[in-house]
Amino acid sequence: MIRLFSLVLFACLLSLAQPKGSLWGSIVDPDGAAVPEARVQLYRPESQGRLATSTDSSGNYAFRQLQAGRYILEINKRGFGVTSQSVVISDNADERLDVELSVQGVPQTVVVTATDTPLTMDEISKAVSVVSSSEIQSRNEFSVAEALRTVPGIQVLNLGGPGQQTTLRTRGLRPDATAVLVDGLRFRDASSLQSDASSLLASMNLVGADRVEVLRGSGSSIYGTNAVGGAVNVITQDGGAPTRASLLTEGGSLGLFRGRASLGGGALQDRLRYSGSVLHLNVVNGVDGNDAARSTGGQGFLRYDLAPTMNLTGRVWASDDFVQTNAGPTTAGVPAANFPSQGNVPVRLLSPANVRLFEAGGQADFTGVTLIPGRDDPDARRATRFATTALVFRHALTPRMNWQTSYQRMHSWRVFEDGPGGSGFQPQANSFSNYVGDIDTVDVRGTALLAPWFTITGGYEFEREAYFDKQDNNLPGNNRVATQTNIRQDANSAYFSSQIGLLDRRLQVVASGRGQFFTLARPRFQLTGIANNYQTVPLEAPPKALTGDLSVSYLVSQTNTKVRAHAGNAYRAPSLYERFGGGFGAIPATGEISFTPYGDPRLSPDRYNNVDAGIDQYLFGNRVRASATWFYTRVVSVTGFDFSGAINPATDPYGRFIGYINGAGGISRGVELGVEAKPARGTIINFAYTHVKAGQDRDISVPGFFRPARVHEHVTSFMVSHDWTRRLNTTVDYFHMSGAYDFYFAVDRSRAFLNPGFQKTDVVASYLVWEGERRSARVYGKVDNVFDQTYYHAGFLAPGATGLVGLQLQF
């Protein structure tokens, strides 16, 4: 131990003695005028760190005490295109780099999610999209999920308005096949059904986000479990001088109020950088007048430079949420004669007026109706809390070698309560379910620049995942069923990533791999009113997973064309809930509420193989960037929840009548198209289209039906934002999704129901009331679903035309 400490101390002292350089310059517009308040960020490609500052009133910026090597400089100023340039700093060099911003041209953003290191758009060999902070402001989105609607390959499904259940699909795959990251670190709920982020997505509001990056395609070799169809990375604000703050308040339809306060800056000659934001969202009424939702969250960042080559970063993001939930869509009460005897069932929903009549106990008109939509459940509610904290230490040993270590704790807590109130089948007493998850992750990695064209990273990761649930139907006497479960799993991973840049970095080759090894601890159960069906089950840990990726891209500089290809395999271990979980559910044939175990400890892991190929083309002097990607995913095997009646409680070793089984695989293939255009100063156009064809090898949900649920074959988005004057901006956002299937029990068997598609248009207008040096005031208004289209998401009524107005102060 003394020798190890001595070596570390020697390396630190050696790094302090290394010669340092600096980078400074001026940012100007096409007329040569200084551009103040431009955000300037400096990335080191061989590491995950970044420095940030803003230009002063004369348009000047400066970075001091820089280690020798290659950097990427990114400049961002509203009204101009985002610009990025590479620069090499020599030992003791005082490097000057002046940059002229263009009022035209698509953003040249630095992206970190493709390989977990900073890269320019030209160096990326995978399908990647960026939702910038300026786009989020122009569209006035306040949740991560809604901000992603304009990204090719992404499908967002919200079941009933703010705070209600929200899911995210990438390339037609299941919601658990997309990893969610915060600053490159996994964000997931160990107590959720698939141990992914889906249970927390409705609570992920944009508190202090700088931007959201999306990787499409296999990413398990870099980011581990769940990164099957891709990864969504929320990049948080990182602070830095000068000190700045903002206040935002807005209110409108649905009884909505949102307030947010942010502060960022630097101290000690910018060796200390900080940022923090708090948000409160309150929805009093919601869609049906009884869908109250509240969210209070905070996000903070702190970085301290211990030395020019060493820094310590801390980050926290926490949220406390509450929502009144609704009863799900059902066929119970629909006349049997309304369903066709054969084939798929077209969804014809009971009208809102008849739903209200049905809820009041009246005689609703079921003529032609095949499905009762989601409806008010007055005593059903969900409370959610999460907190993710991270510490990262980075150290550049030499200009060619650095290492870092990180620790992250992810805590999640959810409570579901439901009582006998409401229509349809309801519990006889107030039922209670509590789920708690904790994930502790320690990571150590090193990166070496072996040659100017060859970078390699290797690392080790340890993760401990714990799951707790407590459920109680609160019935009297012998009818009471109460359960308490504690489960723990450890995972050890070793991984590597290498990047080769040849032919003046026009040819990029990236290879990565990961080996994952799991150990499952003996579960602990406390059960009342039922037998422990898992007591004698042999303990089997998930088998190891070996994953790998290879991507290649080539930039044809004469035509500004980039061609790329990406192939890899991915893995998802069964969640602890899928292995040992249970809950209160309705028996399909009778609707009776009872407790049943759902899990199967024998489950095998999910496995996927992915390949995609695409082209990125710049046109009209970089005013337009068009991309096209073909993708094909082979689902080798996947865990599924069976409620078709195939599980016989008399023969199932755990007494289940519904639950998780090793389902069949399938395929998902399609095309993604995207267009980003900035034809003139103040005009931004974004277009995205996704076509997905997905199928399953086995008819696990409905006999004779092989298509998965809730996969929309066609998704289109179109956004136009225009600055009419320096003060006035309008943004129009159009969105369309085609129909998708869902599965419901009708009469005597499970059937496939086809939901109709929908479209909606949102309009935002903002006006800059006044602007001074580092100060501004902006008023804005937004109308969602401006044409008041009546549509449903998977049987849940979506909001009609809604409006809000707001005020934002920056200083």
# chains A, B, ... in the order shown; residues from 1 in each chain; ligands from 1
>>> residues_around(residues="Val675 in chain A", least_positions_apart="2", cutoff="6 Å", atoms="only C-alpha atoms", output="list in words")
Arg625, Ala626, Asn686 and Phe687 of chain A
>>> residues_around(residues="Val347 in chain A", least_positions_apart="4", cutoff="7 Å", atoms="only C-alpha atoms", output="JSON, numbers by chain")
{"A": [370, 371, 753, 754, 755]}
>>> residues_around(residues="Gly230 in chain A", least_positions_apart="3", cutoff="7 Å", atoms="only C-alpha atoms", output="VMD selection string")
chain A and resid 170 178 to 179 215 to 219 227
>>> write_last_selection(atoms="N, CA, C and O atoms", output="mmCIF file, in the first residue's frame")
data_model
loop_
_atom_site.group_PDB
_atom_site.id
_atom_site.type_symbol
_atom_site.label_atom_id
_atom_site.label_comp_id
_atom_site.auth_asym_id
_atom_site.auth_seq_id
_atom_site.Cartn_x
_atom_site.Cartn_y
_atom_site.Cartn_z
ATOM 1 N N THR A 170 -36.354 2.908 -29.090
ATOM 2 C CA THR A 170 -35.389 3.221 -30.130
ATOM 3 C C THR A 170 -35.424 2.123 -31.190
ATOM 4 O O THR A 170 -35.302 0.940 -30.857
ATOM 5 N N THR A 178 -33.135 0.733 -24.442
ATOM 6 C CA THR A 178 -32.485 2.034 -24.572
ATOM 7 C C THR A 178 -31.881 2.414 -23.224
ATOM 8 O O THR A 178 -32.589 2.464 -22.212
ATOM 9 N N ALA A 179 -30.590 2.671 -23.202
ATOM 10 C CA ALA A 179 -29.934 3.114 -21.973
ATOM 11 C C ALA A 179 -30.097 4.621 -21.823
ATOM 12 O O ALA A 179 -29.989 5.360 -22.804
ATOM 13 N N LEU A 215 -27.374 8.365 -29.097
ATOM 14 C CA LEU A 215 -26.674 7.385 -29.913
ATOM 15 C C LEU A 215 -27.669 6.325 -30.341
ATOM 16 O O LEU A 215 -28.378 5.753 -29.515
ATOM 17 N N ARG A 216 -27.736 6.052 -31.648
ATOM 18 C CA ARG A 216 -28.627 5.016 -32.160
ATOM 19 C C ARG A 216 -27.776 3.851 -32.666
ATOM 20 O O ARG A 216 -26.860 4.045 -33.459
ATOM 21 N N GLY A 217 -28.110 2.657 -32.200
ATOM 22 C CA GLY A 217 -27.324 1.480 -32.522
ATOM 23 C C GLY A 217 -26.730 0.887 -31.265
ATOM 24 O O GLY A 217 -26.797 1.454 -30.168
ATOM 25 N N SER A 218 -26.132 -0.275 -31.400
ATOM 26 C CA SER A 218 -25.595 -1.010 -30.263
ATOM 27 C C SER A 218 -24.575 -0.185 -29.483
ATOM 28 O O SER A 218 -23.672 0.410 -30.059
ATOM 29 N N GLY A 219 -24.735 -0.163 -28.151
ATOM 30 C CA GLY A 219 -23.807 0.584 -27.311
ATOM 31 C C GLY A 219 -23.432 -0.145 -26.034
ATOM 32 O O GLY A 219 -22.833 0.438 -25.131
ATOM 33 N N ALA A 227 -28.115 -0.800 -23.222
ATOM 34 C CA ALA A 227 -27.721 0.010 -24.385
ATOM 35 C C ALA A 227 -27.780 -0.863 -25.642
ATOM 36 O O ALA A 227 -26.767 -1.131 -26.276
#
>>> closest_residue(among="A:Phe432, A:Pro45, A:Arg294, A:Ala680", to="Pro452 in chain A", atoms="only C-alpha atoms")
A:Pro45
>>> select_by_dssp(residues="range 32-106 of chain A", states="strand (DSSP E or B)", output="compact mmCIF listing (two decimals) with all heavy atoms, in the first residue's frame")
# COMPACT_ATOMS: atom_id res chain seq x y z
N ALA A 34 -17.12 42.31 -32.49
CA ALA A 34 -16.96 41.38 -31.37
C ALA A 34 -18.29 40.75 -30.99
O ALA A 34 -19.36 41.38 -31.08
CB ALA A 34 -16.37 42.12 -30.18
N ARG A 39 -20.69 31.35 -25.59
CA ARG A 39 -20.26 30.25 -24.73
C ARG A 39 -19.14 29.50 -25.44
O ARG A 39 -19.30 29.01 -26.56
CB ARG A 39 -21.42 29.31 -24.46
CG ARG A 39 -21.15 28.26 -23.38
CD ARG A 39 -20.96 28.90 -22.04
NE ARG A 39 -20.84 27.92 -20.96
CZ ARG A 39 -20.33 28.21 -19.79
NH1 ARG A 39 -19.89 29.44 -19.53
NH2 ARG A 39 -20.24 27.30 -18.84
N VAL A 40 -17.98 29.39 -24.77
CA VAL A 40 -16.80 28.76 -25.35
C VAL A 40 -16.44 27.55 -24.49
O VAL A 40 -16.23 27.69 -23.27
CB VAL A 40 -15.61 29.74 -25.43
CG1 VAL A 40 -14.43 29.08 -26.14
CG2 VAL A 40 -16.02 31.02 -26.15
N GLN A 41 -16.36 26.37 -25.12
CA GLN A 41 -16.02 25.15 -24.41
C GLN A 41 -14.82 24.49 -25.08
O GLN A 41 -14.71 24.47 -26.30
CB GLN A 41 -17.20 24.18 -24.37
CG GLN A 41 -18.42 24.75 -23.66
CD GLN A 41 -19.50 23.71 -23.46
OE1 GLN A 41 -19.57 23.04 -22.44
NE2 GLN A 41 -20.37 23.59 -24.43
N LEU A 42 -13.93 23.95 -24.25
CA LEU A 42 -12.70 23.33 -24.73
C LEU A 42 -12.68 21.87 -24.28
O LEU A 42 -12.74 21.58 -23.09
CB LEU A 42 -11.48 24.08 -24.19
CG LEU A 42 -10.12 23.68 -24.78
CD1 LEU A 42 -10.04 24.06 -26.26
CD2 LEU A 42 -8.99 24.36 -24.01
N TYR A 43 -12.58 20.96 -25.26
CA TYR A 43 -12.60 19.52 -24.99
C TYR A 43 -11.24 18.92 -25.30
O TYR A 43 -10.57 19.31 -26.26
CB TYR A 43 -13.63 18.81 -25.87
CG TYR A 43 -15.07 19.20 -25.62
CD1 TYR A 43 -15.62 20.33 -26.23
CD2 TYR A 43 -15.88 18.42 -24.81
CE1 TYR A 43 -16.95 20.68 -26.02
CE2 TYR A 43 -17.21 18.76 -24.59
CZ TYR A 43 -17.74 19.89 -25.21
OH TYR A 43 -19.05 20.23 -25.00
N ARG A 50 -14.02 18.76 -19.75
CA ARG A 50 -14.18 19.94 -20.60
C ARG A 50 -14.02 21.18 -19.74
O ARG A 50 -14.32 21.18 -18.54
CB ARG A 50 -15.53 19.93 -21.31
CG ARG A 50 -16.72 19.84 -20.37
CD ARG A 50 -18.05 19.94 -21.09
NE ARG A 50 -19.14 19.55 -20.21
CZ ARG A 50 -20.41 19.83 -20.43
NH1 ARG A 50 -20.75 20.54 -21.48
NH2 ARG A 50 -21.35 19.44 -19.59
N LEU A 51 -13.54 22.24 -20.37
CA LEU A 51 -13.45 23.55 -19.76
C LEU A 51 -14.45 24.46 -20.44
O LEU A 51 -14.76 24.29 -21.63
CB LEU A 51 -12.03 24.11 -19.90
CG LEU A 51 -10.90 23.27 -19.29
CD1 LEU A 51 -9.55 23.86 -19.64
CD2 LEU A 51 -11.07 23.16 -17.78
N ALA A 52 -14.94 25.44 -19.72
CA ALA A 52 -15.94 26.34 -20.28
C ALA A 52 -15.72 27.75 -19.79
O ALA A 52 -15.28 27.98 -18.65
CB ALA A 52 -17.35 25.87 -19.92
N THR A 53 -16.02 28.71 -20.64
CA THR A 53 -15.98 30.11 -20.28
C THR A 53 -16.91 30.86 -21.23
O THR A 53 -17.55 30.26 -22.10
CB THR A 53 -14.55 30.67 -20.37
OG1 THR A 53 -14.52 31.99 -19.83
CG2 THR A 53 -14.04 30.69 -21.80
N SER A 54 -17.00 32.16 -21.08
CA SER A 54 -17.79 33.01 -21.97
C SER A 54 -16.94 34.19 -22.39
O SER A 54 -16.06 34.65 -21.65
CB SER A 54 -19.07 33.50 -21.29
OG SER A 54 -19.92 32.43 -20.96
N ASN A 60 -13.48 38.50 -26.24
CA ASN A 60 -12.26 37.74 -25.97
C ASN A 60 -12.53 36.56 -25.04
O ASN A 60 -13.42 36.62 -24.18
CB ASN A 60 -11.20 38.65 -25.34
CG ASN A 60 -10.81 39.79 -26.27
OD1 ASN A 60 -10.67 39.60 -27.48
ND2 ASN A 60 -10.64 40.98 -25.71
N TYR A 61 -11.72 35.51 -25.20
CA TYR A 61 -11.78 34.35 -24.33
C TYR A 61 -10.35 33.91 -24.04
O TYR A 61 -9.41 34.29 -24.75
CB TYR A 61 -12.55 33.21 -24.98
CG TYR A 61 -11.79 32.52 -26.09
CD1 TYR A 61 -11.01 31.38 -25.84
CD2 TYR A 61 -11.81 33.02 -27.39
CE1 TYR A 61 -10.28 30.77 -26.85
CE2 TYR A 61 -11.09 32.41 -28.41
CZ TYR A 61 -10.33 31.29 -28.13
OH TYR A 61 -9.60 30.70 -29.13
N ALA A 62 -10.16 33.09 -23.01
CA ALA A 62 -8.82 32.59 -22.68
C ALA A 62 -8.92 31.35 -21.83
O ALA A 62 -9.79 31.24 -20.95
CB ALA A 62 -8.01 33.66 -21.97
N PHE A 63 -8.03 30.38 -22.10
CA PHE A 63 -7.85 29.19 -21.27
C PHE A 63 -6.37 29.11 -20.93
O PHE A 63 -5.51 29.13 -21.81
CB PHE A 63 -8.28 27.92 -22.01
CG PHE A 63 -9.76 27.85 -22.32
CD1 PHE A 63 -10.22 28.18 -23.59
CD2 PHE A 63 -10.66 27.47 -21.35
CE1 PHE A 63 -11.56 28.12 -23.88
CE2 PHE A 63 -12.02 27.41 -21.64
CZ PHE A 63 -12.47 27.74 -22.90
N ARG A 64 -6.06 29.00 -19.64
CA ARG A 64 -4.67 28.98 -19.19
C ARG A 64 -4.32 27.61 -18.60
O ARG A 64 -5.20 26.79 -18.33
CB ARG A 64 -4.46 30.05 -18.12
CG ARG A 64 -4.90 31.45 -18.54
CD ARG A 64 -4.09 32.00 -19.70
NE ARG A 64 -4.50 33.37 -20.06
CZ ARG A 64 -4.06 34.02 -21.13
NH1 ARG A 64 -3.18 33.44 -21.93
NH2 ARG A 64 -4.48 35.25 -21.37
N GLN A 65 -3.03 27.40 -18.39
CA GLN A 65 -2.53 26.19 -17.74
C GLN A 65 -3.01 24.91 -18.45
O GLN A 65 -3.52 23.98 -17.83
CB GLN A 65 -2.94 26.16 -16.28
CG GLN A 65 -2.36 27.27 -15.43
CD GLN A 65 -0.84 27.14 -15.26
OE1 GLN A 65 -0.35 26.12 -14.78
NE2 GLN A 65 -0.12 28.16 -15.68
N LEU A 66 -2.85 24.90 -19.78
CA LEU A 66 -3.28 23.75 -20.57
C LEU A 66 -2.11 22.80 -20.81
O LEU A 66 -0.98 23.24 -21.09
CB LEU A 66 -3.84 24.20 -21.92
CG LEU A 66 -5.09 25.09 -21.89
CD1 LEU A 66 -5.47 25.50 -23.30
CD2 LEU A 66 -6.24 24.39 -21.20
N GLN A 67 -2.40 21.53 -20.75
CA GLN A 67 -1.40 20.53 -21.07
C GLN A 67 -1.25 20.44 -22.59
O GLN A 67 -2.19 20.69 -23.35
CB GLN A 67 -1.84 19.17 -20.52
CG GLN A 67 -0.73 18.16 -20.40
CD GLN A 67 -1.21 16.92 -19.67
OE1 GLN A 67 -2.35 16.52 -19.84
NE2 GLN A 67 -0.35 16.31 -18.87
N GLY A 69 -1.14 19.09 -26.32
CA GLY A 69 -1.93 18.08 -27.00
C GLY A 69 -3.00 18.70 -27.88
O GLY A 69 -3.07 19.92 -28.07
N ARG A 70 -3.84 17.82 -28.42
CA ARG A 70 -4.91 18.25 -29.33
C ARG A 70 -6.19 18.53 -28.53
O ARG A 70 -6.56 17.77 -27.63
CB ARG A 70 -5.18 17.16 -30.38
CG ARG A 70 -6.34 17.47 -31.33
CD ARG A 70 -6.45 16.41 -32.42
NE ARG A 70 -7.66 16.61 -33.19
CZ ARG A 70 -8.82 15.97 -32.98
NH1 ARG A 70 -8.88 15.06 -32.01
NH2 ARG A 70 -9.87 16.20 -33.72
N TYR A 71 -6.85 19.63 -28.90
CA TYR A 71 -8.11 20.03 -28.27
C TYR A 71 -9.15 20.33 -29.34
O TYR A 71 -8.81 20.53 -30.52
CB TYR A 71 -7.91 21.28 -27.40
CG TYR A 71 -7.07 21.06 -26.16
CD1 TYR A 71 -5.68 21.09 -26.24
CD2 TYR A 71 -7.65 20.83 -24.92
CE1 TYR A 71 -4.89 20.91 -25.11
CE2 TYR A 71 -6.88 20.65 -23.79
CZ TYR A 71 -5.50 20.68 -23.89
OH TYR A 71 -4.73 20.49 -22.77
N ILE A 72 -10.41 20.36 -28.90
CA ILE A 72 -11.51 20.79 -29.76
C ILE A 72 -12.18 21.98 -29.11
O ILE A 72 -12.62 21.90 -27.95
CB ILE A 72 -12.53 19.66 -29.99
CG1 ILE A 72 -11.87 18.44 -30.60
CG2 ILE A 72 -13.65 20.15 -30.90
CD1 ILE A 72 -12.79 17.24 -30.72
N LEU A 73 -12.24 23.10 -29.82
CA LEU A 73 -12.85 24.33 -29.32
C LEU A 73 -14.25 24.44 -29.93
O LEU A 73 -14.42 24.36 -31.15
CB LEU A 73 -12.01 25.53 -29.71
CG LEU A 73 -12.46 26.89 -29.15
CD1 LEU A 73 -12.15 26.98 -27.67
CD2 LEU A 73 -11.77 28.03 -29.91
N GLU A 74 -15.25 24.64 -29.07
CA GLU A 74 -16.64 24.80 -29.53
C GLU A 74 -17.17 26.15 -29.07
O GLU A 74 -17.05 26.51 -27.89
CB GLU A 74 -17.53 23.68 -28.98
CG GLU A 74 -18.98 23.77 -29.44
CD GLU A 74 -19.87 22.77 -28.73
OE1 GLU A 74 -20.32 23.08 -27.59
OE2 GLU A 74 -20.12 21.70 -29.29
N ILE A 75 -17.78 26.90 -29.99
CA ILE A 75 -18.35 28.21 -29.69
C ILE A 75 -19.83 28.20 -30.02
O ILE A 75 -20.22 27.77 -31.12
CB ILE A 75 -17.65 29.35 -30.47
CG1 ILE A 75 -16.14 29.32 -30.22
CG2 ILE A 75 -18.22 30.70 -30.08
CD1 ILE A 75 -15.35 28.67 -31.31
N ASN A 76 -20.64 28.67 -29.08
CA ASN A 76 -22.09 28.65 -29.24
C ASN A 76 -22.65 30.01 -28.84
O ASN A 76 -22.40 30.48 -27.73
CB ASN A 76 -22.70 27.54 -28.38
CG ASN A 76 -24.18 27.36 -28.65
OD1 ASN A 76 -24.77 28.03 -29.48
ND2 ASN A 76 -24.79 26.43 -27.93
N THR A 83 -20.05 26.40 -33.79
CA THR A 83 -18.80 26.17 -34.53
C THR A 83 -17.84 25.38 -33.65
O THR A 83 -17.73 25.63 -32.45
CB THR A 83 -18.16 27.51 -34.92
OG1 THR A 83 -19.07 28.23 -35.75
CG2 THR A 83 -16.86 27.29 -35.67
N SER A 84 -17.14 24.42 -34.26
CA SER A 84 -16.10 23.67 -33.54
C SER A 84 -14.86 23.59 -34.41
O SER A 84 -14.96 23.45 -35.64
CB SER A 84 -16.58 22.28 -33.16
OG SER A 84 -16.92 21.53 -34.32
N GLN A 85 -13.69 23.71 -33.79
CA GLN A 85 -12.41 23.66 -34.49
C GLN A 85 -11.40 22.90 -33.66
O GLN A 85 -11.40 22.98 -32.42
CB GLN A 85 -11.86 25.08 -34.76
CG GLN A 85 -12.61 25.83 -35.84
CD GLN A 85 -11.90 27.14 -36.18
OE1 GLN A 85 -12.53 28.16 -36.38
NE2 GLN A 85 -10.58 27.10 -36.26
N SER A 86 -10.52 22.17 -34.34
CA SER A 86 -9.42 21.48 -33.67
C SER A 86 -8.23 22.42 -33.55
O SER A 86 -7.98 23.24 -34.44
CB SER A 86 -9.02 20.23 -34.44
OG SER A 86 -10.06 19.27 -34.42
N VAL A 87 -7.49 22.28 -32.45
CA VAL A 87 -6.30 23.09 -32.24
C VAL A 87 -5.30 22.27 -31.44
O VAL A 87 -5.67 21.48 -30.58
CB VAL A 87 -6.65 24.40 -31.48
CG1 VAL A 87 -7.31 24.11 -30.14
CG2 VAL A 87 -5.42 25.28 -31.32
N VAL A 88 -4.02 22.43 -31.76
CA VAL A 88 -2.95 21.71 -31.08
C VAL A 88 -2.15 22.70 -30.24
O VAL A 88 -1.70 23.74 -30.73
CB VAL A 88 -2.02 21.00 -32.08
CG1 VAL A 88 -0.86 20.33 -31.35
CG2 VAL A 88 -2.81 19.97 -32.88
N ILE A 89 -1.99 22.39 -28.95
CA ILE A 89 -1.25 23.22 -28.01
C ILE A 89 0.11 22.57 -27.77
O ILE A 89 0.19 21.40 -27.39
CB ILE A 89 -2.00 23.38 -26.68
CG1 ILE A 89 -3.42 23.92 -26.91
CG2 ILE A 89 -1.23 24.30 -25.75
CD1 ILE A 89 -3.47 25.28 -27.53
N ASP A 94 1.88 29.86 -26.30
CA ASP A 94 0.83 30.84 -26.06
C ASP A 94 0.04 30.95 -27.37
O ASP A 94 0.31 31.81 -28.20
CB ASP A 94 1.45 32.18 -25.66
CG ASP A 94 0.40 33.17 -25.16
OD1 ASP A 94 -0.65 32.72 -24.65
OD2 ASP A 94 0.63 34.38 -25.30
N GLU A 95 -0.92 30.05 -27.54
CA GLU A 95 -1.60 29.88 -28.83
C GLU A 95 -2.79 30.82 -28.93
O GLU A 95 -3.62 30.91 -28.03
CB GLU A 95 -2.08 28.43 -28.97
CG GLU A 95 -2.53 28.05 -30.36
CD GLU A 95 -1.35 27.80 -31.29
OE1 GLU A 95 -0.29 27.39 -30.81
OE2 GLU A 95 -1.51 28.06 -32.50
N ARG A 96 -2.84 31.52 -30.11
CA ARG A 96 -3.99 32.39 -30.36
C ARG A 96 -4.85 31.78 -31.47
O ARG A 96 -4.35 31.33 -32.50
CB ARG A 96 -3.55 33.79 -30.78
CG ARG A 96 -4.73 34.68 -31.17
CD ARG A 96 -4.36 36.13 -31.33
NE ARG A 96 -5.52 36.95 -31.64
CZ ARG A 96 -5.57 38.27 -31.57
NH1 ARG A 96 -4.47 38.93 -31.19
NH2 ARG A 96 -6.67 38.93 -31.87
N VAL A 99 -11.86 33.20 -34.05
CA VAL A 99 -12.90 32.46 -34.74
C VAL A 99 -13.97 33.42 -35.21
O VAL A 99 -14.44 34.28 -34.45
CB VAL A 99 -13.53 31.39 -33.83
CG1 VAL A 99 -14.63 30.64 -34.57
CG2 VAL A 99 -12.48 30.42 -33.32
N GLU A 100 -14.35 33.28 -36.49
CA GLU A 100 -15.44 34.07 -37.05
C GLU A 100 -16.68 33.19 -37.10
O GLU A 100 -16.68 32.13 -37.73
CB GLU A 100 -15.10 34.56 -38.46
CG GLU A 100 -16.23 35.36 -39.11
CD GLU A 100 -15.90 35.78 -40.54
OE1 GLU A 100 -14.85 36.43 -40.72
OE2 GLU A 100 -16.67 35.45 -41.45
>>> closest_atom_pairs(of="range 251-336 of chain A", to="range 802-809 of chain A", cutoff="8 Å", atoms="only C-alpha atoms", output="tab-separated table")
residue	atom	partner	partner_atom	distance
A:Gly251	CA	A:Leu804	CA	5.3
A:Gly252	CA	A:Leu804	CA	3.9
A:Ser253	CA	A:Thr802	CA	5.3
A:Leu254	CA	A:Thr802	CA	7.4
>>> write_last_selection(atoms="N, CA, C and O atoms", output="PDB file, in the first residue's frame")
ATOM      1  N   GLY A 251     -47.341  29.552 -16.615  1.00  0.00           N
ATOM      2  CA  GLY A 251     -48.579  28.922 -16.183  1.00  0.00           C
ATOM      3  C   GLY A 251     -49.570  28.885 -17.327  1.00  0.00           C
ATOM      4  O   GLY A 251     -49.465  29.650 -18.294  1.00  0.00           O
ATOM      5  N   GLY A 252     -50.552  27.949 -17.203  1.00  0.00           N
ATOM      6  CA  GLY A 252     -51.529  27.854 -18.274  1.00  0.00           C
ATOM      7  C   GLY A 252     -52.527  26.737 -18.054  1.00  0.00           C
ATOM      8  O   GLY A 252     -52.895  26.408 -16.916  1.00  0.00           O
ATOM      9  N   SER A 253     -52.974  26.131 -19.145  1.00  0.00           N
ATOM     10  CA  SER A 253     -54.017  25.116 -19.141  1.00  0.00           C
ATOM     11  C   SER A 253     -53.608  23.906 -18.317  1.00  0.00           C
ATOM     12  O   SER A 253     -52.426  23.701 -18.021  1.00  0.00           O
ATOM     13  N   LEU A 254     -54.600  23.081 -17.978  1.00  0.00           N
ATOM     14  CA  LEU A 254     -54.447  21.900 -17.125  1.00  0.00           C
ATOM     15  C   LEU A 254     -54.097  22.273 -15.692  1.00  0.00           C
ATOM     16  O   LEU A 254     -53.777  21.409 -14.883  1.00  0.00           O
TER      17      LEU A 254
END
>>> residues_around(residues="Arg356 in chain A", least_positions_apart="6", cutoff="9 Å", atoms="only C-alpha atoms", output="mmCIF file with N, CA, C and O atoms, in the first residue's frame")
data_model
loop_
_atom_site.group_PDB
_atom_site.id
_atom_site.type_symbol
_atom_site.label_atom_id
_atom_site.label_comp_id
_atom_site.auth_asym_id
_atom_site.auth_seq_id
_atom_site.Cartn_x
_atom_site.Cartn_y
_atom_site.Cartn_z
ATOM 1 N N GLY A 362 -73.951 5.272 -15.032
ATOM 2 C CA GLY A 362 -75.057 5.365 -15.970
ATOM 3 C C GLY A 362 -74.952 4.350 -17.098
ATOM 4 O O GLY A 362 -74.013 3.556 -17.164
ATOM 5 N N ALA A 364 -74.027 3.786 -20.597
ATOM 6 C CA ALA A 364 -73.281 4.354 -21.707
ATOM 7 C C ALA A 364 -73.688 3.688 -23.015
ATOM 8 O O ALA A 364 -74.169 2.547 -23.042
ATOM 9 N N ARG A 375 -59.413 5.780 -17.781
ATOM 10 C CA ARG A 375 -60.415 6.626 -17.152
ATOM 11 C C ARG A 375 -59.992 6.948 -15.720
ATOM 12 O O ARG A 375 -59.063 6.333 -15.188
ATOM 13 N N ASP A 376 -60.706 7.867 -15.122
ATOM 14 C CA ASP A 376 -60.338 8.376 -13.805
ATOM 15 C C ASP A 376 -60.421 7.284 -12.744
ATOM 16 O O ASP A 376 -61.371 6.507 -12.697
#
>>> residues_around(residues="Gly264 in chain A", least_positions_apart="6", cutoff="10 Å", atoms="only C-alpha atoms", output="list in words")
Gln237, Asp238, Gly239, Gly240, Ala241, Pro242, Thr243, Arg244, Ala245, Ser246, Arg273, Tyr274, Ser275, Gly276, Ser277, Gly300, Phe301 and Leu302 of chain A
>>> write_last_selection(atoms="C-alpha atoms", output="mmCIF file, in the first residue's frame")
data_model
loop_
_atom_site.group_PDB
_atom_site.id
_atom_site.type_symbol
_atom_site.label_atom_id
_atom_site.label_comp_id
_atom_site.auth_asym_id
_atom_site.auth_seq_id
_atom_site.Cartn_x
_atom_site.Cartn_y
_atom_site.Cartn_z
ATOM 1 C CA GLN A 237 -24.485 22.410 -17.252
ATOM 2 C CA ASP A 238 -20.901 22.673 -16.035
ATOM 3 C CA GLY A 239 -20.490 26.245 -14.810
ATOM 4 C CA GLY A 240 -17.524 28.530 -15.311
ATOM 5 C CA ALA A 241 -17.043 32.301 -15.261
ATOM 6 C CA PRO A 242 -18.702 34.723 -15.611
ATOM 7 C CA THR A 243 -21.393 34.375 -12.979
ATOM 8 C CA ARG A 244 -24.842 34.134 -14.531
ATOM 9 C CA ALA A 245 -28.357 33.365 -13.343
ATOM 10 C CA SER A 246 -31.836 32.906 -14.738
ATOM 11 C CA ARG A 273 -16.664 26.007 -11.360
ATOM 12 C CA TYR A 274 -20.238 25.509 -10.266
ATOM 13 C CA SER A 275 -23.809 25.424 -11.509
ATOM 14 C CA GLY A 276 -27.126 24.676 -9.870
ATOM 15 C CA SER A 277 -30.787 24.647 -10.800
ATOM 16 C CA GLY A 300 -25.957 20.711 -9.133
ATOM 17 C CA PHE A 301 -22.428 20.586 -10.506
ATOM 18 C CA LEU A 302 -19.113 21.425 -8.832
#
